[in-house]
Amino acid sequence: MQKQGSSAVFLAVVLACLMSITLTLVFAGRMQAQISIADGSLDLASVSLLSEYDYYVQQDYGLFLLQGSDAQLSADLRDYTRLNAKASAGRFCLVNTDEVRAQIMEYMKTGGARHMISEAISGEENTMPGATPDMTRSPGNESSESAARDRTLRHGPTITSLPSRAVPDSDIVTTAWKLGESLTNPEAIFRTGSDQFFITEYILQKFNRTGSIRGTDHFFSSEVEYIISGELSDVQNKRQTDLALEAVRSGLNLTHIYSDPEKMSLVSAAAEAITPGPLGAVTQFAIAAAWSAAEAVNDVKLLHKDHKVPLVKTAASWAIDLDTVLEGYSGEDGCVYPQINTGRTYEDYLRILLYAKDDTIKTARILDLIQINMRKNHDEAFLIQECATGVSVSADVNGKKLSRDRVY
């Protein structure tokens with residue numbers, strides 16, 4: 001009887017242990033299942049948050065930007081998950097332009113590349129639907145006729161909130177002059193496949209420039225020139241860009257003059273006639289610089305008349321003779337035409353100036369234009385600084401913290 005009683009007690013103890021272990025495993029499995037379900041729900045909800053990107057920015061510019069405060073995003077996340085969850089887009093705000101550049105690269109290597117091919121085949125430019133009422137201009141500051149061409153941004157809140165206002169920039173004319181003097185292999189600028197190439201092609205594809213309208217509902221008619229110069233009016237942007245083009249051409253033209261024996265012979269003779277003796281070398285440089293500058297001014301005029309200008313000139317592509325410079329002759333239609341029409345177009349020369357710009361300021365001014373056009377056409381309160389390229393989400397489930405980052 002004692003053995004039977006001991007066996008019963010032993011079996012009861014074993015059974016209790018087994019039940020305890022079973023219950024522990026059941027509760028542990030239940031908690032793990034809850035965590036797993038919550039993790040999956042959080043993952044799906046983070047993707048759902050990214051699906052709330054701004055439709056118009058994506059349609060017009062191919063970029064995915066999430067707009068909303070952390071409080072709004074967290075409220076949406078809790079609605080999706082039914083968890084005590086939080087969301088924050090602060091780490092992915094557009095103060096850092098690297099993520100936007102990465103999106104531009106991805107767009108140009110996929111959809112943007114297909115767009116360029118179809119445009120080249122059709123020979124047509126991409127124009128957007130008609131403009132809606134202008135939200136960024138003060139009423140009555142421009143006539144309807146001039147508004148279709150040259151505009152000035154005067155709306156204070158829009159100006160002060162532009163992303164590029166906080167980004168340092170160098171003077172484009174000075175930069176262009178240095179580039180023109182040191183450009184030993186100018187054709188390398190047009191090499192396809194580089195990051196510089198894709199950013200430049202994106203700018204030329206999405207934004208208006210002088211002589212080419214990409215979007216009839218855009219505020220500026222010279223948006224590419226804005227990215228280059230950063231002024232608040234079409235007139236100023238075109239003027240500053242022309243000065244930069246003249247600076248580039250002056251440097252290239254001066255190099256040509258010094259490499260051409262015939263031109264240097266003419267320069268030396270003119271200098272000797274003006275200042276014989278030791279000062280002749282100084283006069284030579286002054287004459288050569290004036291000649292190259294006059295040719296540069298003429299080059300830019302030719303570009304605006306859809307005439308091509310080669311980067312490295314020959315005698316046949318040179319337009320201004322030395323007598324023309326000394327006599328101050330301006331030429332027919334304000335410019336002198338060379339013997340041949342070969343070389344690079346106005347758009348190509350804009351590529352050179354864009355090449356000279358820092359990537360950060362270029363990207364910031366792309367965001368400027370997106371904000372200006374969005375405020376004009378879709379949402380007068382739109383702010384790029386309230387947008388992000390991703391979101392961080394987190395939740396506490398059964399004492400465990402779940403978190404993940406999601407980016408476009």
# chains A, B, ... in the order shown; residues from 1 in each chain; ligands from 1
call {"tool": "residues_around", "arguments": {"residues": "segment 358-372 of chain A", "least_positions_apart": "2", "cutoff": "7 Å", "atoms": "only C-alpha atoms", "output": "list in words"}}
result
Thr97, Arg101, Leu162, Pro163, Ser164, Val167, Asp169, Ile227, Ala356, Met374, Arg375, Lys376, Phe382, Leu383 and Ile384 of chain A
call {"tool": "select_by_dssp", "arguments": {"residues": "segment 255-399 of chain A", "states": "strand (DSSP E)", "output": "VMD selection string"}}
result
chain A and resid 387 to 388 390 to 397
call {"tool": "write_last_selection", "arguments": {"atoms": "C-alpha atoms", "output": "PDB file, in the first residue's frame"}}
result
ATOM      1  CA  CYS A 387       7.459  66.216 -46.414  1.00  0.00           C
ATOM      2  CA  ALA A 388       9.641  63.155 -45.924  1.00  0.00           C
ATOM      3  CA  GLY A 390      10.307  57.641 -45.282  1.00  0.00           C
ATOM      4  CA  VAL A 391       8.932  56.912 -41.818  1.00  0.00           C
ATOM      5  CA  SER A 392       9.991  55.188 -38.570  1.00  0.00           C
ATOM      6  CA  VAL A 393       7.309  53.151 -36.761  1.00  0.00           C
ATOM      7  CA  SER A 394       7.351  51.470 -33.344  1.00  0.00           C
ATOM      8  CA  ALA A 395       5.009  49.683 -30.911  1.00  0.00           C
ATOM      9  CA  ASP A 396       5.192  47.985 -27.478  1.00  0.00           C
ATOM     10  CA  VAL A 397       3.663  44.503 -27.478  1.00  0.00           C
TER      11      VAL A 397
END
call {"tool": "closest_residue", "arguments": {"among": "A:Gln196, A:Val95, A:Val325, A:Ser221", "to": "Ala270 of chain A", "atoms": "only C-alpha atoms"}}
result
A:Val325
call {"tool": "closest_residue", "arguments": {"among": "A:Ser212, A:Gln59, A:Ser250, A:Thr275", "to": "Ser292 of chain A", "atoms": "only C-alpha atoms"}}
result
A:Ser250
call {"tool": "atom_distance", "arguments": {"atom1": "atom CA of Tyr258 of chain A", "atom2": "atom CA of Ile287 of chain A"}}
result
11.5 Å
call {"tool": "select_by_dssp", "arguments": {"residues": "segment 280-337 of chain A", "states": "alpha helix (DSSP H)", "output": "MDAnalysis selection string"}}
result
chainID A and resid 280:304 322:327
call {"tool": "residues_around", "arguments": {"residues": "Leu252 of chain A", "least_positions_apart": "4", "cutoff": "9 Å", "atoms": "only C-alpha atoms", "output": "ChimeraX atom specification"}}
result
/A:180-183,247-248,256-257,292,296,311-313
call {"tool": "write_last_selection", "arguments": {"atoms": "N, CA and C atoms", "output": "PDB file, in the first residue's frame"}}
result
ATOM      1  N   GLY A 180      35.426  77.778 -67.569  1.00  0.00           N
ATOM      2  CA  GLY A 180      35.836  78.043 -68.942  1.00  0.00           C
ATOM      3  C   GLY A 180      37.341  78.072 -69.114  1.00  0.00           C
ATOM      4  N   GLU A 181      38.028  78.579 -68.105  1.00  0.00           N
ATOM      5  CA  GLU A 181      39.492  78.648 -68.171  1.00  0.00           C
ATOM      6  C   GLU A 181      40.146  77.277 -68.012  1.00  0.00           C
ATOM      7  N   SER A 182      39.503  76.382 -67.241  1.00  0.00           N
ATOM      8  CA  SER A 182      40.145  75.104 -66.893  1.00  0.00           C
ATOM      9  C   SER A 182      39.522  73.900 -67.589  1.00  0.00           C
ATOM     10  N   LEU A 183      38.603  74.120 -68.499  1.00  0.00           N
ATOM     11  CA  LEU A 183      37.873  73.022 -69.134  1.00  0.00           C
ATOM     12  C   LEU A 183      38.734  72.401 -70.227  1.00  0.00           C
ATOM     13  N   ALA A 247      30.740  84.023 -69.575  1.00  0.00           N
ATOM     14  CA  ALA A 247      31.972  83.763 -68.829  1.00  0.00           C
ATOM     15  C   ALA A 247      32.621  82.454 -69.289  1.00  0.00           C
ATOM     16  N   VAL A 248      31.803  81.402 -69.462  1.00  0.00           N
ATOM     17  CA  VAL A 248      32.337  80.129 -69.952  1.00  0.00           C
ATOM     18  C   VAL A 248      32.943  80.298 -71.335  1.00  0.00           C
ATOM     19  N   HIS A 256      41.355  79.662 -77.321  1.00  0.00           N
ATOM     20  CA  HIS A 256      41.464  79.521 -78.782  1.00  0.00           C
ATOM     21  C   HIS A 256      42.355  80.607 -79.384  1.00  0.00           C
ATOM     22  N   ILE A 257      42.188  81.834 -78.927  1.00  0.00           N
ATOM     23  CA  ILE A 257      42.991  82.941 -79.473  1.00  0.00           C
ATOM     24  C   ILE A 257      44.473  82.676 -79.255  1.00  0.00           C
ATOM     25  N   SER A 292      37.956  87.923 -76.988  1.00  0.00           N
ATOM     26  CA  SER A 292      37.262  86.709 -76.532  1.00  0.00           C
ATOM     27  C   SER A 292      35.919  87.048 -75.890  1.00  0.00           C
ATOM     28  N   ALA A 296      32.246  85.976 -77.079  1.00  0.00           N
ATOM     29  CA  ALA A 296      31.377  85.288 -76.120  1.00  0.00           C
ATOM     30  C   ALA A 296      29.979  85.896 -76.103  1.00  0.00           C
ATOM     31  N   LEU A 311      32.197  73.949 -78.675  1.00  0.00           N
ATOM     32  CA  LEU A 311      32.962  74.198 -77.458  1.00  0.00           C
ATOM     33  C   LEU A 311      34.385  74.627 -77.794  1.00  0.00           C
ATOM     34  N   VAL A 312      35.002  73.900 -78.690  1.00  0.00           N
ATOM     35  CA  VAL A 312      36.355  74.240 -79.145  1.00  0.00           C
ATOM     36  C   VAL A 312      36.239  74.768 -80.563  1.00  0.00           C
ATOM     37  N   LYS A 313      36.571  76.035 -80.767  1.00  0.00           N
ATOM     38  CA  LYS A 313      36.323  76.680 -82.060  1.00  0.00           C
ATOM     39  C   LYS A 313      37.465  76.475 -83.051  1.00  0.00           C
TER      40      LYS A 313
END
call {"tool": "residues_around", "arguments": {"residues": "Ala315 of chain A", "least_positions_apart": "5", "cutoff": "10 Å", "atoms": "only C-alpha atoms", "output": "PyMOL selection string"}}
result
chain A and resi 256+260+262-263+338-340
call {"tool": "closest_residue", "arguments": {"among": "A:Ala319, A:Leu354, A:Leu153, A:Leu245", "to": "Ile199 of chain A", "atoms": "only C-alpha atoms"}}
result
A:Leu354
